[in-house]
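Contents: one structure, followed by commentary.
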Amino acid sequence: METEITIEELRFLANIPQKLDNDFLRVANGLHQRGKYTKEKIFVMLVKMIHSPKKYALSRNKLTNLAKTVYELKKGGNEITLTDDGKELLVNEEAVLTLAQKDAQQGKQFDLGEEKLHYAVFGKEQIEEGALLQMETAISLPISVAGALMPDAHQGYGLPIGGVLATEADKVIPYAVGVDIACRMCMSVFDISPDYLKCEPHLLKKILLENTKFGMGGETGRKFDDSVMDKPEWGATKIIRNLKDKAYRQLGSSGTGNHFVEWGITEVFEDDPLLDLQKGTYLSLLSHSGSRGFGGNIANHYSKLAMQKTVLPKQAAHLAWLDLNTEEGQAYWISMNLAGDYASANHHEIHNKIAKQLGEKPIKMIENHHNFAWKEKLADGREVIVHRKGATPAGKDELGIIPGSMSQPGYVIRGKANAASINSASHGAGRLMSRNKAFTNTTRSEMDRILKDAGIELIGGDLDESPMVYKNIDQVIAAQTDLVSVLAKFSPKIVRMADPNRKEGRED
């Protein structure tokens, strides 16, 4: 018989109040000793019960009495919350580790290099100190080959937002890709005059509301094209298989944070064979979101696994990597690329539904990832993995979209393949304020005034996405003229974002 279950092990799964320690231990060890359940099985049962206490409290099962207690606490406003380990068990029952296993699974330890590689910084005067320090740490990893920092950069977790990092060709860093894997931009340009915005604003708003769904729990019913769900990779690993149903339900939806779907005006500055649009102005649809709950769960699972396998100094802990020559490295690579395909299909689902209701097909669609890892070659021919965490691919003649804020324009760009930037550009304007600072240093009336002056209608949204919390997009673009050419400008007019809900996390 295994040793008894301890409260420390249970607290890996949930924030259990001390007054319930004995209740949880009595049930857990009763199942373990008398019911002959394994620890792993018991942990999964408890996580599911804590997640849905009402379901267990109203049915006869081995956890009924404990579930009633947990459910009463929840009704009284004292809900027991799951830890990240507990949340992961909901989608991946193989993720549980006992105390002994956690101690035994200490990964190999690495130190940072004393000599830092040189890396290019674009628009340094606009970049906060925290982002520069994070990039200094990233470039000191023993697997780092090259790096660059974009002018919209700001502090994040591990690699700064706006950071580009090239690593050895068989090493991938989940946190350097980001939590919202394959977060991306997508623009549909219609052969419709922008005057349509003035003539039919209510219709365009109606179409937007009827064909978008926002929020962390956002799901859609009808699908336009769900063929992405037929890809064989959905059967590649157990965690992917467990997330497939969730991914299907969320196909065609958008997240929280800075995710949006908006109508606006695209102004093409000159005839360009790559853009293939005549000079002029067009009604356009622009969207920004990623791989939803599927990508988020994949990111959390493999980031945690990487930190178990690769032990780094505290300041670099989130930059732990996986080796692509291992099973877990290959599993992440497959999952990340599937999340990329799914994120693209997610945008297409939204755009296709809206185009169908509008009764027009777009004459041009432009899209790009900006949270991803690619196998590429540097200018000197070295094969590497390039992580772009909040950075737009800007290789030779690559089209991309760099948005501003809800009151600032975005730009369609052509990449110049600048070797110093590792063929990259900014992914937006970049934040001036953290979300917490935005909530305390800005007001709704101030935000409403700015939007009114700019002639923009906002549906949803909150102060953490207010125009005041972002850098000036034109200054950011001016700092990267060596990286991209600007082909067109997009000006937002009707903006749809998630409704204010500060209890939810942010998915960007």
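Residues are referred to by chain and number: the chain letter is A, B, ... according to the order shown in the structure tokens, the number counts from 1 in that chain, and ligands are numbered separately from 1 in the order shown.
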
Could you give me the residues within region 188-354 of chain A that DSSP places in helix (DSSP H, G or I), as a PyMOL selection string? chain A and resi 195-199+201-210+227-230+232-235+238-250+292-309+314-319+327-354

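With only C-alpha atoms as the atoms that count, the minimum distance from Asn258 (chain A) to the choices A:Pro313, A:Gly290, A:Pro194, A:Pro174 is reached by A:Gly290.
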
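Reported to one decimal place, the separation of CA of Gly215 (chain A) from CA of Gly77 (chain A) is 22.4 Å.
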
Can you pull out the residues contacting Lys62 (chain A)? Cut-off 10 Å, using only C-alpha atoms, and skip same-chain residues under 3 positions away; I want them as number ranges by chain. A: 27, 30-31, 35, 45, 56, 59, 65-67

If we count only C-alpha atoms, what is near Lys39 (chain A) at a cut-off of 8 Å, once residues fewer than 3 positions away on the same chain are taken out, given as a list in words? Ile5, His32, Ile42, Phe43 and Thr98 of chain A

Pick out the residues sitting within 10 Å of Arg222 (chain A), and hand them over as a ChimeraX atom specification; count only C-alpha atoms, and ignore anything fewer than 4 positions along from it in its own chain. /A:211,226,249,251-252,353

Between A:Ser291, A:Leu203, A:Ile494, A:Ile354, which one has atoms that come closest to Ile265 (chain A), using only C-alpha atoms?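 Ranked by minimum distance to Ile265 (chain A), first place goes to A:Ile494.
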
Strand (DSSP E or B) positions in region 248-439 of chain A, given as JSON, numbers by chain: {"A": [254, 260, 261, 262, 263, 264, 265, 266, 267, 268, 272, 277, 280, 281, 282, 283, 284, 285, 286, 287, 288, 289, 310, 311, 322, 323, 364, 365, 366, 367, 368, 369, 371, 372, 373, 374, 375, 376, 377, 383, 384, 385, 386, 387, 388, 389, 391, 392, 393, 399, 400, 401, 402, 410, 411, 412, 413, 414, 415, 424, 425, 426, 431]}

May I have the residues within 10 Å of Lys304 (chain A) as a PyMOL selection string, using only C-alpha atoms and disregarding those fewer than 5 positions away in the same chain? chain A and resi 84-85+174-175+299+309-310+318+320

Contacts of Leu63 (chain A) at 12 Å (only C-alpha atoms; same-chain gap of 6+ positions) as a short mmCIF file (atom, residue, chain, number, x, y, z; two decimals) with all heavy atoms, in the first residue's frame:
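Now in result07.cif:
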data_model
loop_
_atom_site.label_atom_id
_atom_site.label_comp_id
_atom_site.auth_asym_id
_atom_site.auth_seq_id
_atom_site.Cartn_x
_atom_site.Cartn_y
_atom_site.Cartn_z
N ASP A 23 -11.60 17.01 6.87
CA ASP A 23 -12.65 16.46 6.01
C ASP A 23 -12.05 15.90 4.72
O ASP A 23 -12.38 14.79 4.28
CB ASP A 23 -13.68 17.54 5.67
CG ASP A 23 -14.39 18.06 6.90
OD1 ASP A 23 -15.37 17.43 7.31
OD2 ASP A 23 -13.95 19.08 7.42
N PHE A 24 -11.18 16.68 4.10
CA PHE A 24 -10.57 16.24 2.84
C PHE A 24 -9.66 15.04 3.07
O PHE A 24 -9.66 14.08 2.29
CB PHE A 24 -9.78 17.39 2.19
CG PHE A 24 -10.61 18.23 1.28
CD1 PHE A 24 -11.35 19.29 1.76
CD2 PHE A 24 -10.66 17.96 -0.09
CE1 PHE A 24 -12.12 20.08 0.92
CE2 PHE A 24 -11.42 18.73 -0.95
CZ PHE A 24 -12.17 19.80 -0.45
N ARG A 26 -9.82 12.80 5.49
CA ARG A 26 -10.60 11.61 5.83
C ARG A 26 -11.18 10.95 4.58
O ARG A 26 -11.10 9.74 4.40
CB ARG A 26 -11.74 12.00 6.78
CG ARG A 26 -12.56 10.78 7.28
CD ARG A 26 -13.57 11.18 8.34
NE ARG A 26 -14.55 12.14 7.84
CZ ARG A 26 -14.56 13.43 8.16
NH1 ARG A 26 -13.65 13.92 9.00
NH2 ARG A 26 -15.48 14.24 7.67
N VAL A 27 -11.74 11.77 3.67
CA VAL A 27 -12.31 11.22 2.44
C VAL A 27 -11.22 10.65 1.54
O VAL A 27 -11.33 9.53 1.03
CB VAL A 27 -13.11 12.30 1.69
CG1 VAL A 27 -13.52 11.80 0.30
CG2 VAL A 27 -14.34 12.70 2.48
N ALA A 28 -10.15 11.41 1.35
CA ALA A 28 -9.09 10.98 0.44
C ALA A 28 -8.43 9.70 0.91
O ALA A 28 -8.26 8.74 0.14
CB ALA A 28 -8.04 12.09 0.29
N GLY A 30 -9.66 7.56 3.07
CA GLY A 30 -10.64 6.47 3.09
C GLY A 30 -10.72 5.80 1.72
O GLY A 30 -10.75 4.56 1.61
N LEU A 31 -10.78 6.60 0.67
CA LEU A 31 -10.81 6.04 -0.69
C LEU A 31 -9.51 5.31 -1.00
O LEU A 31 -9.51 4.28 -1.68
CB LEU A 31 -11.02 7.17 -1.70
CG LEU A 31 -12.39 7.85 -1.70
CD1 LEU A 31 -12.37 9.10 -2.58
CD2 LEU A 31 -13.45 6.88 -2.21
N ILE A 42 -7.71 9.42 -7.06
CA ILE A 42 -8.37 10.23 -6.03
C ILE A 42 -8.19 11.71 -6.33
O ILE A 42 -9.13 12.51 -6.20
CB ILE A 42 -7.82 9.88 -4.64
CG1 ILE A 42 -8.20 8.43 -4.28
CG2 ILE A 42 -8.35 10.84 -3.58
CD1 ILE A 42 -7.44 7.88 -3.09
N MET A 45 -10.58 12.71 -9.01
CA MET A 45 -11.95 12.75 -8.49
C MET A 45 -12.19 14.03 -7.69
O MET A 45 -13.22 14.70 -7.83
CB MET A 45 -12.21 11.52 -7.60
CG MET A 45 -12.26 10.20 -8.36
SD MET A 45 -12.22 8.75 -7.25
CE MET A 45 -13.76 8.94 -6.36
N LEU A 46 -11.24 14.39 -6.83
CA LEU A 46 -11.40 15.57 -5.99
C LEU A 46 -11.42 16.86 -6.83
O LEU A 46 -12.20 17.77 -6.56
CB LEU A 46 -10.28 15.64 -4.95
CG LEU A 46 -10.37 14.61 -3.82
CD1 LEU A 46 -9.12 14.65 -2.96
CD2 LEU A 46 -11.61 14.85 -2.95
N VAL A 47 -10.57 16.92 -7.83
CA VAL A 47 -10.53 18.10 -8.69
C VAL A 47 -11.86 18.28 -9.41
O VAL A 47 -12.40 19.39 -9.50
CB VAL A 47 -9.36 17.99 -9.70
CG1 VAL A 47 -9.57 18.95 -10.86
CG2 VAL A 47 -8.04 18.27 -9.02
N LYS A 48 -12.40 17.21 -9.93
CA LYS A 48 -13.68 17.29 -10.63
C LYS A 48 -14.80 17.70 -9.68
O LYS A 48 -15.70 18.47 -10.05
CB LYS A 48 -13.99 15.94 -11.29
CG LYS A 48 -13.10 15.63 -12.49
CD LYS A 48 -13.49 14.31 -13.14
CE LYS A 48 -12.63 14.06 -14.38
NZ LYS A 48 -12.98 12.77 -15.02
N MET A 49 -14.74 17.21 -8.46
CA MET A 49 -15.77 17.57 -7.48
C MET A 49 -15.66 19.05 -7.11
O MET A 49 -16.67 19.77 -7.06
CB MET A 49 -15.62 16.71 -6.23
CG MET A 49 -16.67 16.99 -5.15
SD MET A 49 -16.21 18.35 -4.04
CE MET A 49 -14.90 17.57 -3.10
N ILE A 50 -14.45 19.54 -6.87
CA ILE A 50 -14.27 20.95 -6.50
C ILE A 50 -14.71 21.85 -7.65
O ILE A 50 -15.27 22.92 -7.44
CB ILE A 50 -12.80 21.20 -6.11
CG1 ILE A 50 -12.48 20.46 -4.80
CG2 ILE A 50 -12.52 22.70 -5.95
CD1 ILE A 50 -11.01 20.42 -4.46
N SER A 52 -17.06 21.15 -9.88
CA SER A 52 -18.53 21.09 -10.03
C SER A 52 -19.16 20.52 -8.77
O SER A 52 -19.75 19.43 -8.79
CB SER A 52 -18.89 20.21 -11.23
OG SER A 52 -18.27 20.66 -12.41
N PRO A 53 -19.08 21.23 -7.64
CA PRO A 53 -19.57 20.67 -6.38
C PRO A 53 -21.07 20.39 -6.37
O PRO A 53 -21.52 19.43 -5.75
CB PRO A 53 -19.18 21.73 -5.34
CG PRO A 53 -19.07 23.00 -6.13
CD PRO A 53 -18.54 22.59 -7.46
N LYS A 54 -21.85 21.22 -7.06
CA LYS A 54 -23.30 21.01 -7.08
C LYS A 54 -23.64 19.66 -7.70
O LYS A 54 -24.51 18.92 -7.18
CB LYS A 54 -23.98 22.14 -7.86
CG LYS A 54 -25.50 22.03 -7.89
CD LYS A 54 -26.12 23.21 -8.63
CE LYS A 54 -27.65 23.10 -8.67
NZ LYS A 54 -28.26 24.24 -9.40
N LYS A 55 -22.99 19.33 -8.80
CA LYS A 55 -23.24 18.06 -9.48
C LYS A 55 -23.00 16.89 -8.54
O LYS A 55 -23.79 15.95 -8.48
CB LYS A 55 -22.33 17.97 -10.70
CG LYS A 55 -22.33 16.63 -11.40
CD LYS A 55 -21.32 16.62 -12.54
CE LYS A 55 -21.18 15.23 -13.14
NZ LYS A 55 -20.15 15.21 -14.22
N TYR A 56 -21.91 16.94 -7.77
CA TYR A 56 -21.58 15.84 -6.86
C TYR A 56 -22.44 15.86 -5.60
O TYR A 56 -22.73 14.81 -5.02
CB TYR A 56 -20.09 15.90 -6.50
CG TYR A 56 -19.19 15.40 -7.59
CD1 TYR A 56 -18.87 16.20 -8.68
CD2 TYR A 56 -18.65 14.11 -7.55
CE1 TYR A 56 -18.05 15.75 -9.70
CE2 TYR A 56 -17.83 13.65 -8.56
CZ TYR A 56 -17.53 14.47 -9.63
OH TYR A 56 -16.72 14.00 -10.65
N ALA A 57 -22.84 17.06 -5.19
CA ALA A 57 -23.65 17.17 -3.97
C ALA A 57 -25.06 16.65 -4.17
O ALA A 57 -25.71 16.16 -3.23
CB ALA A 57 -23.69 18.63 -3.50
N THR A 69 -20.56 20.07 1.50
CA THR A 69 -19.85 21.08 2.27
C THR A 69 -19.22 22.12 1.35
O THR A 69 -19.31 23.33 1.59
CB THR A 69 -18.76 20.43 3.14
OG1 THR A 69 -19.37 19.47 4.02
CG2 THR A 69 -18.02 21.47 3.96
N VAL A 70 -18.57 21.63 0.31
CA VAL A 70 -17.90 22.53 -0.65
C VAL A 70 -18.93 23.40 -1.37
O VAL A 70 -18.71 24.60 -1.60
CB VAL A 70 -17.08 21.70 -1.66
CG1 VAL A 70 -16.50 22.60 -2.76
CG2 VAL A 70 -15.96 20.96 -0.95
N TYR A 71 -20.07 22.80 -1.72
CA TYR A 71 -21.12 23.54 -2.43
C TYR A 71 -21.73 24.62 -1.53
O TYR A 71 -22.00 25.74 -1.98
CB TYR A 71 -22.20 22.57 -2.90
CG TYR A 71 -23.33 23.23 -3.67
CD1 TYR A 71 -23.07 24.12 -4.70
CD2 TYR A 71 -24.66 22.95 -3.36
CE1 TYR A 71 -24.08 24.73 -5.40
CE2 TYR A 71 -25.70 23.54 -4.07
CZ TYR A 71 -25.40 24.44 -5.08
OH TYR A 71 -26.42 25.03 -5.78
#

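Restricting the calculation to only C-alpha atoms, the smallest distance between Gly178 (chain A) and any of A:Ala429, A:Met229, A:Ile16, A:Val164 is found for A:Val164.
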
Ranking A:Gly255, A:Ser426, A:Ser445, A:Leu165 by minimum distance to Asp180 (chain A) and counting only C-alpha atoms, which one comes first? A:Gly255

Interatomic distance (Å, one decimal) between CA of Val228 (chain A) and CA of Asp341 (chain A):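 Straight-line distance from CA of Val228 (chain A) to CA of Asp341 (chain A) works out to 7.3 Å.
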
Which residues of region 399-425 of chain A have any atom within 7 Å of an atom in region 466-476 of chain A when counting only C-alpha atoms, and what is the closest pair of atoms for each, with the distance in Å to one decimal? Order the rows by chain and rising number and write it as CSV.
residue,atom,partner,partner_atom,distance
A:Gly404,CA,A:Ile473,CA,5.4
A:Ser405,CA,A:Pro467,CA,5.8
A:Met406,CA,A:Pro467,CA,6.2
A:Ser407,CA,A:Pro467,CA,6.0
A:Gln408,CA,A:Ile473,CA,7.0

Could you write out the selected residues, including N, CA and C atoms, as an mmCIF file, in the first residue's frame?
data_model
loop_
_atom_site.group_PDB
_atom_site.id
_atom_site.type_symbol
_atom_site.label_atom_id
_atom_site.label_comp_id
_atom_site.auth_asym_id
_atom_site.auth_seq_id
_atom_site.Cartn_x
_atom_site.Cartn_y
_atom_site.Cartn_z
ATOM 1 N N GLY A 404 -3.026 49.464 -33.980
ATOM 2 C CA GLY A 404 -2.702 50.499 -33.004
ATOM 3 C C GLY A 404 -3.488 50.263 -31.727
ATOM 4 N N SER A 405 -4.502 51.087 -31.504
ATOM 5 C CA SER A 405 -5.427 50.884 -30.397
ATOM 6 C C SER A 405 -6.820 51.154 -30.932
ATOM 7 N N MET A 406 -7.833 51.133 -30.057
ATOM 8 C CA MET A 406 -9.194 51.331 -30.560
ATOM 9 C C MET A 406 -9.419 52.737 -31.109
ATOM 10 N N SER A 407 -8.523 53.681 -30.816
ATOM 11 C CA SER A 407 -8.675 55.031 -31.366
ATOM 12 C C SER A 407 -7.545 55.412 -32.314
ATOM 13 N N GLN A 408 -6.570 54.527 -32.464
ATOM 14 C CA GLN A 408 -5.447 54.790 -33.353
ATOM 15 C C GLN A 408 -5.492 53.863 -34.555
#

Give the answer as one residue: which of A:His154, A:Lys19, A:Lys231, A:Lys213 has the shortest atom-to-atom distance to Gln126 (chain A), using only C-alpha atoms?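 For Gln126 (chain A), the nearest of the given residues is A:His154.
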
Of the residues A:Ile192, A:Ala138, A:Ala120, A:Ala438, which is the one nearest to Tyr282 (chain A), using only C-alpha atoms?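 Of the candidates, the smallest distance to Tyr282 (chain A) is held by A:Ile192.
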